[in-house]
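A.B. asks: Input entry-v1.cif, format and content: mmCIF, C-alpha atoms.
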data_upload
loop_
_atom_site.group_PDB
_atom_site.id
_atom_site.type_symbol
_atom_site.label_atom_id
_atom_site.label_comp_id
_atom_site.auth_asym_id
_atom_site.auth_seq_id
_atom_site.Cartn_x
_atom_site.Cartn_y
_atom_site.Cartn_z
ATOM 1 C CA VAL P 1 -3.606 86.113 37.895
ATOM 2 C CA LEU P 2 -7.293 85.333 37.322
ATOM 3 C CA GLY P 3 -9.945 83.672 39.436
ATOM 4 C CA TYR P 4 -13.672 83.007 39.021
ATOM 5 C CA GLY P 5 -13.465 82.456 35.258
ATOM 6 C CA VAL P 6 -15.037 79.763 33.124
ATOM 7 C CA SER P 7 -12.879 76.767 32.212
ATOM 8 C CA VAL P 8 -14.003 74.182 29.693
ATOM 9 C CA SER P 9 -12.056 71.108 28.568
ATOM 10 C CA SER P 10 -11.675 70.583 24.835
ATOM 11 C CA LYS P 11 -9.566 68.439 22.502
ATOM 12 C CA ARG P 12 -7.292 71.476 21.980
ATOM 13 C CA GLY P 13 -6.771 72.157 25.708
ATOM 14 C CA VAL P 14 -8.556 73.955 28.523
ATOM 15 C CA ILE P 15 -10.509 76.961 27.285
ATOM 16 C CA CYS P 16 -10.384 79.770 29.861
ATOM 17 C CA VAL P 17 -12.858 82.636 29.613
ATOM 18 C CA GLY P 18 -13.160 85.823 31.659
ATOM 19 C CA GLY P 19 -12.540 85.892 35.392
ATOM 20 C CA ASN P 20 -11.503 88.430 38.007
ATOM 21 C CA ASN P 21 -8.139 89.995 38.679
ATOM 22 C CA ALA P 22 -7.170 92.826 41.041
ATOM 23 C CA ASP P 23 -8.887 95.337 38.723
ATOM 24 C CA GLY P 24 -12.194 93.437 38.481
ATOM 25 C CA PRO P 25 -13.794 91.272 35.784
ATOM 26 C CA CYS P 26 -11.914 90.839 32.500
ATOM 27 C CA ALA P 27 -12.840 89.848 28.948
ATOM 28 C CA ASP P 28 -9.812 87.715 28.040
ATOM 29 C CA SER P 29 -10.101 84.185 26.706
ATOM 30 C CA PHE P 30 -7.408 81.681 25.787
ATOM 31 C CA ILE P 31 -6.583 77.989 25.425
ATOM 32 C CA LEU P 32 -4.252 76.521 28.037
ATOM 33 C CA THR P 33 -2.112 73.508 27.098
ATOM 34 C CA VAL P 34 0.718 71.636 28.776
ATOM 35 C CA ALA P 35 3.363 69.889 26.675
ATOM 36 C CA GLU P 36 6.528 68.320 28.095
ATOM 37 C CA GLY P 37 5.814 69.955 31.451
ATOM 38 C CA VAL P 38 5.536 73.461 30.009
ATOM 39 C CA ALA P 39 2.266 75.416 30.167
ATOM 40 C CA ARG P 40 1.397 77.476 27.121
ATOM 41 C CA THR P 41 -1.464 79.796 26.285
ATOM 42 C CA GLU P 42 -2.968 80.464 22.883
ATOM 43 C CA PRO P 43 -5.058 83.642 22.771
ATOM 44 C CA LEU P 44 -8.682 83.528 21.710
ATOM 45 C CA PRO P 45 -10.825 86.574 20.934
ATOM 46 C CA SER P 46 -11.882 88.634 23.947
ATOM 47 C CA LEU P 47 -15.464 88.560 25.150
ATOM 48 C CA PRO P 48 -17.594 91.571 24.132
ATOM 49 C CA ALA P 49 -17.746 92.520 27.833
ATOM 50 C CA PRO P 50 -15.778 91.675 30.991
ATOM 51 C CA LEU P 51 -17.238 88.721 32.861
ATOM 52 C CA ALA P 52 -16.582 86.798 36.094
ATOM 53 C CA ASN P 53 -18.563 84.269 38.137
ATOM 54 C CA ALA P 54 -20.270 82.911 34.997
ATOM 55 C CA ALA P 55 -20.721 79.315 33.825
ATOM 56 C CA GLY P 56 -20.028 77.691 30.511
ATOM 57 C CA ALA P 57 -19.829 74.460 28.581
ATOM 58 C CA LEU P 58 -18.636 73.154 25.230
ATOM 59 C CA LEU P 59 -21.426 72.026 22.901
ATOM 60 C CA GLU P 60 -19.858 70.324 19.892
ATOM 61 C CA LYS P 61 -17.402 72.997 18.596
ATOM 62 C CA THR P 62 -19.045 75.973 20.314
ATOM 63 C CA VAL P 63 -18.255 77.409 23.750
ATOM 64 C CA TYR P 64 -21.319 78.790 25.585
ATOM 65 C CA VAL P 65 -20.851 81.209 28.492
ATOM 66 C CA CYS P 66 -23.780 82.665 30.410
ATOM 67 C CA GLY P 67 -24.466 84.777 33.480
ATOM 68 C CA GLY P 68 -21.941 86.159 35.918
ATOM 69 C CA THR P 69 -21.014 89.688 36.867
ATOM 70 C CA ASP P 70 -19.455 92.458 34.811
ATOM 71 C CA GLN P 71 -18.473 94.909 37.555
ATOM 72 C CA PRO P 72 -16.295 94.725 40.657
ATOM 73 C CA GLY P 73 -18.179 94.260 43.907
ATOM 74 C CA GLU P 74 -20.947 91.930 42.699
ATOM 75 C CA ARG P 75 -23.644 94.591 42.369
ATOM 76 C CA THR P 76 -25.666 92.978 39.583
ATOM 77 C CA ALA P 77 -25.878 89.525 38.046
ATOM 78 C CA LEU P 78 -26.330 88.918 34.336
ATOM 79 C CA ASN P 79 -28.381 86.636 32.104
ATOM 80 C CA ARG P 80 -26.358 87.364 28.932
ATOM 81 C CA LEU P 81 -25.336 84.459 26.668
ATOM 82 C CA PHE P 82 -22.091 84.541 24.667
ATOM 83 C CA VAL P 83 -20.872 81.910 22.187
ATOM 84 C CA LEU P 84 -17.604 81.246 20.390
ATOM 85 C CA ASP P 85 -17.517 78.783 17.485
ATOM 86 C CA LEU P 86 -14.028 77.299 17.811
ATOM 87 C CA SER P 87 -13.995 76.286 14.138
ATOM 88 C CA LYS P 88 -14.411 79.985 13.246
ATOM 89 C CA ALA P 89 -12.776 81.556 16.310
ATOM 90 C CA THR P 90 -11.313 84.486 14.350
ATOM 91 C CA ARG P 91 -14.890 85.779 13.938
ATOM 92 C CA GLY P 92 -14.986 86.334 17.691
ATOM 93 C CA TRP P 93 -17.677 85.929 20.290
ATOM 94 C CA SER P 94 -21.344 86.495 19.497
ATOM 95 C CA GLU P 95 -24.047 87.494 21.931
ATOM 96 C CA LEU P 96 -27.268 85.521 21.635
ATOM 97 C CA GLU P 97 -30.690 86.009 23.162
ATOM 98 C CA PRO P 98 -30.369 86.441 26.956
ATOM 99 C CA CYS P 99 -31.936 83.840 29.200
ATOM 100 C CA PRO P 100 -35.481 84.891 30.188
ATOM 101 C CA GLY P 101 -34.695 83.746 33.745
ATOM 102 C CA ARG P 102 -33.182 85.951 36.411
ATOM 103 C CA GLY P 103 -29.619 87.123 36.033
ATOM 104 C CA ARG P 104 -27.279 85.069 38.173
ATOM 105 C CA MET P 105 -23.719 84.457 39.167
ATOM 106 C CA LEU P 106 -22.102 81.151 40.170
ATOM 107 C CA PRO P 107 -24.590 79.018 38.171
ATOM 108 C CA VAL P 108 -23.979 75.507 36.858
ATOM 109 C CA ALA P 109 -23.775 74.793 33.125
ATOM 110 C CA ALA P 110 -23.778 71.602 31.081
ATOM 111 C CA ALA P 111 -23.877 70.551 27.433
ATOM 112 C CA LEU P 112 -26.047 67.556 26.639
ATOM 113 C CA ASP P 113 -28.082 66.204 23.717
ATOM 114 C CA GLY P 114 -27.470 69.205 21.481
ATOM 115 C CA ALA P 115 -28.394 71.822 24.096
ATOM 116 C CA PHE P 116 -26.751 74.112 26.664
ATOM 117 C CA TYR P 117 -28.130 73.905 30.223
ATOM 118 C CA TRP P 118 -27.954 76.690 32.826
ATOM 119 C CA VAL P 119 -29.237 76.042 36.368
ATOM 120 C CA GLY P 120 -29.112 77.367 39.923
ATOM 121 C CA GLY P 121 -26.741 80.102 40.960
ATOM 122 C CA VAL P 122 -27.263 83.300 42.900
ATOM 123 C CA ALA P 123 -29.333 86.336 41.943
ATOM 124 C CA LEU P 124 -28.441 89.707 43.458
ATOM 125 C CA GLU P 125 -31.382 91.708 44.818
ATOM 126 C CA PRO P 126 -31.216 95.218 46.258
ATOM 127 C CA VAL P 127 -32.133 95.297 49.965
ATOM 128 C CA ASN P 128 -31.772 98.658 51.729
ATOM 129 C CA GLY P 129 -29.476 99.814 48.934
ATOM 130 C CA HIS P 130 -27.152 96.809 49.167
ATOM 131 C CA PRO P 131 -27.099 93.664 46.992
ATOM 132 C CA GLN P 132 -28.268 90.540 48.795
ATOM 133 C CA ARG P 133 -27.879 87.003 47.494
ATOM 134 C CA ALA P 134 -30.975 84.999 46.549
ATOM 135 C CA TYR P 135 -30.138 81.320 45.966
ATOM 136 C CA LEU P 136 -31.847 79.860 42.898
ATOM 137 C CA ARG P 137 -33.275 76.461 41.906
ATOM 138 C CA ASP P 138 -34.645 77.209 38.449
ATOM 139 C CA GLY P 139 -33.171 75.727 35.296
ATOM 140 C CA TRP P 140 -33.041 76.656 31.636
ATOM 141 C CA ARG P 141 -32.110 74.932 28.383
ATOM 142 C CA TYR P 142 -30.859 76.733 25.267
ATOM 143 C CA HIS P 143 -31.206 74.871 21.999
ATOM 144 C CA PRO P 144 -29.393 76.544 19.080
ATOM 145 C CA ARG P 145 -32.421 76.199 16.773
ATOM 146 C CA ARG P 146 -35.233 76.788 19.280
ATOM 147 C CA GLY P 147 -33.825 79.223 21.838
ATOM 148 C CA TRP P 148 -34.487 79.151 25.588
ATOM 149 C CA GLU P 149 -36.993 77.031 27.478
ATOM 150 C CA ARG P 150 -37.642 76.507 31.164
ATOM 151 C CA ILE P 151 -36.854 73.063 32.576
ATOM 152 C CA ALA P 152 -37.622 71.427 35.935
ATOM 153 C CA ASP P 153 -36.270 73.126 39.050
ATOM 154 C CA LEU P 154 -33.437 71.624 41.053
ATOM 155 C CA PRO P 155 -34.596 69.905 44.275
ATOM 156 C CA LYS P 156 -32.784 72.606 46.253
ATOM 157 C CA PRO P 157 -30.761 75.731 45.428
ATOM 158 C CA ALA P 158 -27.222 75.172 44.171
ATOM 159 C CA ALA P 159 -24.575 77.835 43.602
ATOM 160 C CA ALA P 160 -20.881 77.425 42.827
ATOM 161 C CA ALA P 161 -21.168 73.685 42.210
ATOM 162 C CA PRO P 162 -18.634 72.199 39.773
ATOM 163 C CA SER P 163 -19.280 73.559 36.308
ATOM 164 C CA PRO P 164 -19.516 72.372 33.650
ATOM 165 C CA ALA P 165 -21.509 69.675 35.384
ATOM 166 C CA PRO P 166 -20.407 66.079 34.869
ATOM 167 C CA VAL P 167 -22.372 64.295 32.148
ATOM 168 C CA PHE P 168 -23.020 60.540 32.195
ATOM 169 C CA GLY P 169 -25.129 59.014 29.430
ATOM 170 C CA SER P 170 -28.173 61.206 28.936
ATOM 171 C CA ARG P 171 -27.977 63.089 32.255
ATOM 172 C CA TYR P 172 -25.904 65.800 33.888
ATOM 173 C CA PHE P 173 -25.322 65.959 37.618
ATOM 174 C CA VAL P 174 -25.246 68.985 39.924
ATOM 175 C CA VAL P 175 -22.779 67.871 42.578
ATOM 176 C CA GLY P 176 -22.464 69.844 45.798
ATOM 177 C CA GLY P 177 -22.533 73.614 45.809
ATOM 178 C CA ASP P 178 -23.855 76.214 48.208
ATOM 179 C CA ASP P 179 -27.596 76.097 48.968
ATOM 180 C CA GLY P 180 -27.591 79.332 50.966
ATOM 181 C CA SER P 181 -28.091 77.677 54.338
#
Could I get this file's structure written as structure tokens?
C.D. replies:
Amino acid sequence: VLGYGVSVSSKRGVICVGGNNADGPCADSFILTVAEGVARTEPLPSLPAPLANAAGALLEKTVYVCGGTDQPGERTALNRLFVLDLSKATRGWSELEPCPGRGRMLPVAAALDGAFYWVGGVALEPVNGHPQRAYLRDGWRYHPRRGWERIADLPKPAAAAPSPAPVFGSRYFVVGGDDGS
């Protein structure tokens, strides 16, 4: 049983990546389908590292997954970016340039206009030897040919909002989430 993984809808089914189980974050990924009332899974290559509490989106035929945590207990948050080209899935996941923004868990992702967006979430900062949550408003865009660039901040912090974010026309929407209050 897994929780806190990334799930992305595709024409082939729901792509599930990472997540937590009783032992901590895992690196598994698979496609979930349902046919005639029966759920089936098709394995995909494992991530290069275990990952939970991340966010992802499907940009054309490529799954992007960024951020999250790689250890039990939420001690540190990541800014690592992993991609899987579904048309060449047997090649496995690749790690691209990390986001220059702060590492974060529970961010919101979206795919829009040829780019991957990564906004909000929670950074983990050490306070008296214990990780404390810092709720984030900043946003980033990754374009496959140009890399990362900073975009406008959210009006208020947003963590654990639905992700990938809904896209309508030329905009994505951060709906709900935890603002830390």
A.B. asks: Got a sec to resolve the PyMOL selection byres ((chain P and resi 103) around 6) on this structure and send the residues as a PyMOL selection string?
C.D. replies: chain P and resi 77-79+102+104+123
A.B. asks: Please, could you write that set of residues out with C-alpha atoms as a PDB file, keeping the file's coordinate frame?
C.D. replies:
ATOM      1  CA  ALA P  77     -25.878  89.525  38.046  1.00  0.00           C
ATOM      2  CA  LEU P  78     -26.330  88.918  34.336  1.00  0.00           C
ATOM      3  CA  ASN P  79     -28.381  86.636  32.104  1.00  0.00           C
ATOM      4  CA  ARG P 102     -33.182  85.951  36.411  1.00  0.00           C
ATOM      5  CA  ARG P 104     -27.279  85.069  38.173  1.00  0.00           C
ATOM      6  CA  ALA P 123     -29.333  86.336  41.943  1.00  0.00           C
TER       7      ALA P 123
END
A.B. asks: Might I get the box with edges along x, y and z of the file that holds all atoms of region 65-81 of chain P listed there, padded by 8 Å on every side, given as centre and edge lengths in Å to one decimal, as JSON?
C.D. replies:
{"center_x": -22.3, "center_y": 88.1, "center_z": 35.3, "size_x": 28.1, "size_y": 29.7, "size_z": 33.2}
A.B. asks: Written as a PyMOL selection string, what is the full residue list that the PyMOL selection byres ((chain P and resi 71) around 10) yields on the file shown?
C.D. replies: chain P and resi 20+23-26+50-52+68-70+72-77
A.B. asks: Write out as a count of residues only each polymer residue whose atoms come within 12 Å of Phe168 (chain P), counting only C-alpha atoms; drop sequence neighbours fewer than 6 positions from it.
C.D. replies: 5
A.B. asks: Would you work out the distance separating CA of Glu149 (chain P) from CA of Leu86 (chain P), expressed in Å to one decimal?
C.D. replies: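 Separation between CA of Glu149 (chain P) and CA of Leu86 (chain P): 24.9 Å.
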A.B. asks: Take CA of Leu59 (chain P) and CA of Ser9 (chain P) and report the distance between them in Å, one decimal.
C.D. replies: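 Between these atoms lies a distance of 11.0 Å.
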A.B. asks: Here's the selection I'm unsure about, the PyMOL selection byres ((chain P and resi 144) around 10); applied to the file above, which residues does it give, as a compact mmCIF listing (two decimals) with C-alpha atoms, in the coordinates of the input?
C.D. replies:
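Output saved as expr15.txt:
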# COMPACT_ATOMS: atom_id res chain seq x y z
CA LEU P 59 -21.43 72.03 22.90
CA LEU P 96 -27.27 85.52 21.64
CA GLY P 114 -27.47 69.20 21.48
CA ALA P 115 -28.39 71.82 24.10
CA PHE P 116 -26.75 74.11 26.66
CA ARG P 141 -32.11 74.93 28.38
CA TYR P 142 -30.86 76.73 25.27
CA HIS P 143 -31.21 74.87 22.00
CA ARG P 145 -32.42 76.20 16.77
CA ARG P 146 -35.23 76.79 19.28
CA GLY P 147 -33.83 79.22 21.84
CA TRP P 148 -34.49 79.15 25.59
A.B. asks: Taking into account all atoms listed in the file, which residue in the set P:Arg80, P:Val63, P:Ser46, P:Trp93 is nearest to Val14 (chain P)?
C.D. replies: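 Closest residue, counting all atoms listed in the file: P:Val63.
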A.B. asks: Which residues come within 8 Å of Leu47 (chain P), counting only C-alpha atoms, excluding same-chain residues fewer than 5 positions away, as a ChimeraX atom specification?
C.D. replies: /P:17-18,27-29,82,92-93
A.B. asks: Would you kindly return, as a ChimeraX atom specification, each protein, DNA or RNA residue with an atom no farther than 10 Å from any atom of region 153-166 of chain P, considering all atoms listed in the file and excluding same-chain residues fewer than 5 positions away?
C.D. replies: /P:4,6-9,53-58,104-111,117-123,134-140,171-181
A.B. asks: Between P:Asn128, P:Leu84, P:Thr33, P:Cys66, which one has atoms that come closest to Pro98 (chain P), using only C-alpha atoms?
C.D. replies: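 Of the candidates, the smallest distance to Pro98 (chain P) is held by P:Cys66.
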A.B. asks: I'd like the interatomic distance between CA of Lys11 (chain P) and CA of Ile151 (chain P), to a tenth of an Å.
C.D. replies: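 These atoms are spaced 29.5 Å apart.
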A.B. asks: Given all atoms listed in the file as the basis, pick out the residue of P:Ala35, P:Ala22, P:Ala49, P:Leu124 nearest to Ser94 (chain P).
C.D. replies: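 Ranking P:Ala35, P:Ala22, P:Ala49, P:Leu124 by distance to Ser94 (chain P), first place goes to P:Ala49.
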A.B. asks: Excluding Phe30 (chain P) and any residue of its chain fewer than 6 positions from it, enumerate the residues within 9 Å of it, using all atoms listed in the file, and give them as a list in words.
C.D. replies: Val14, Ile15, Cys16, Val17, Thr41, Glu42, Pro43, Leu44, Pro45 and Ser46 of chain P
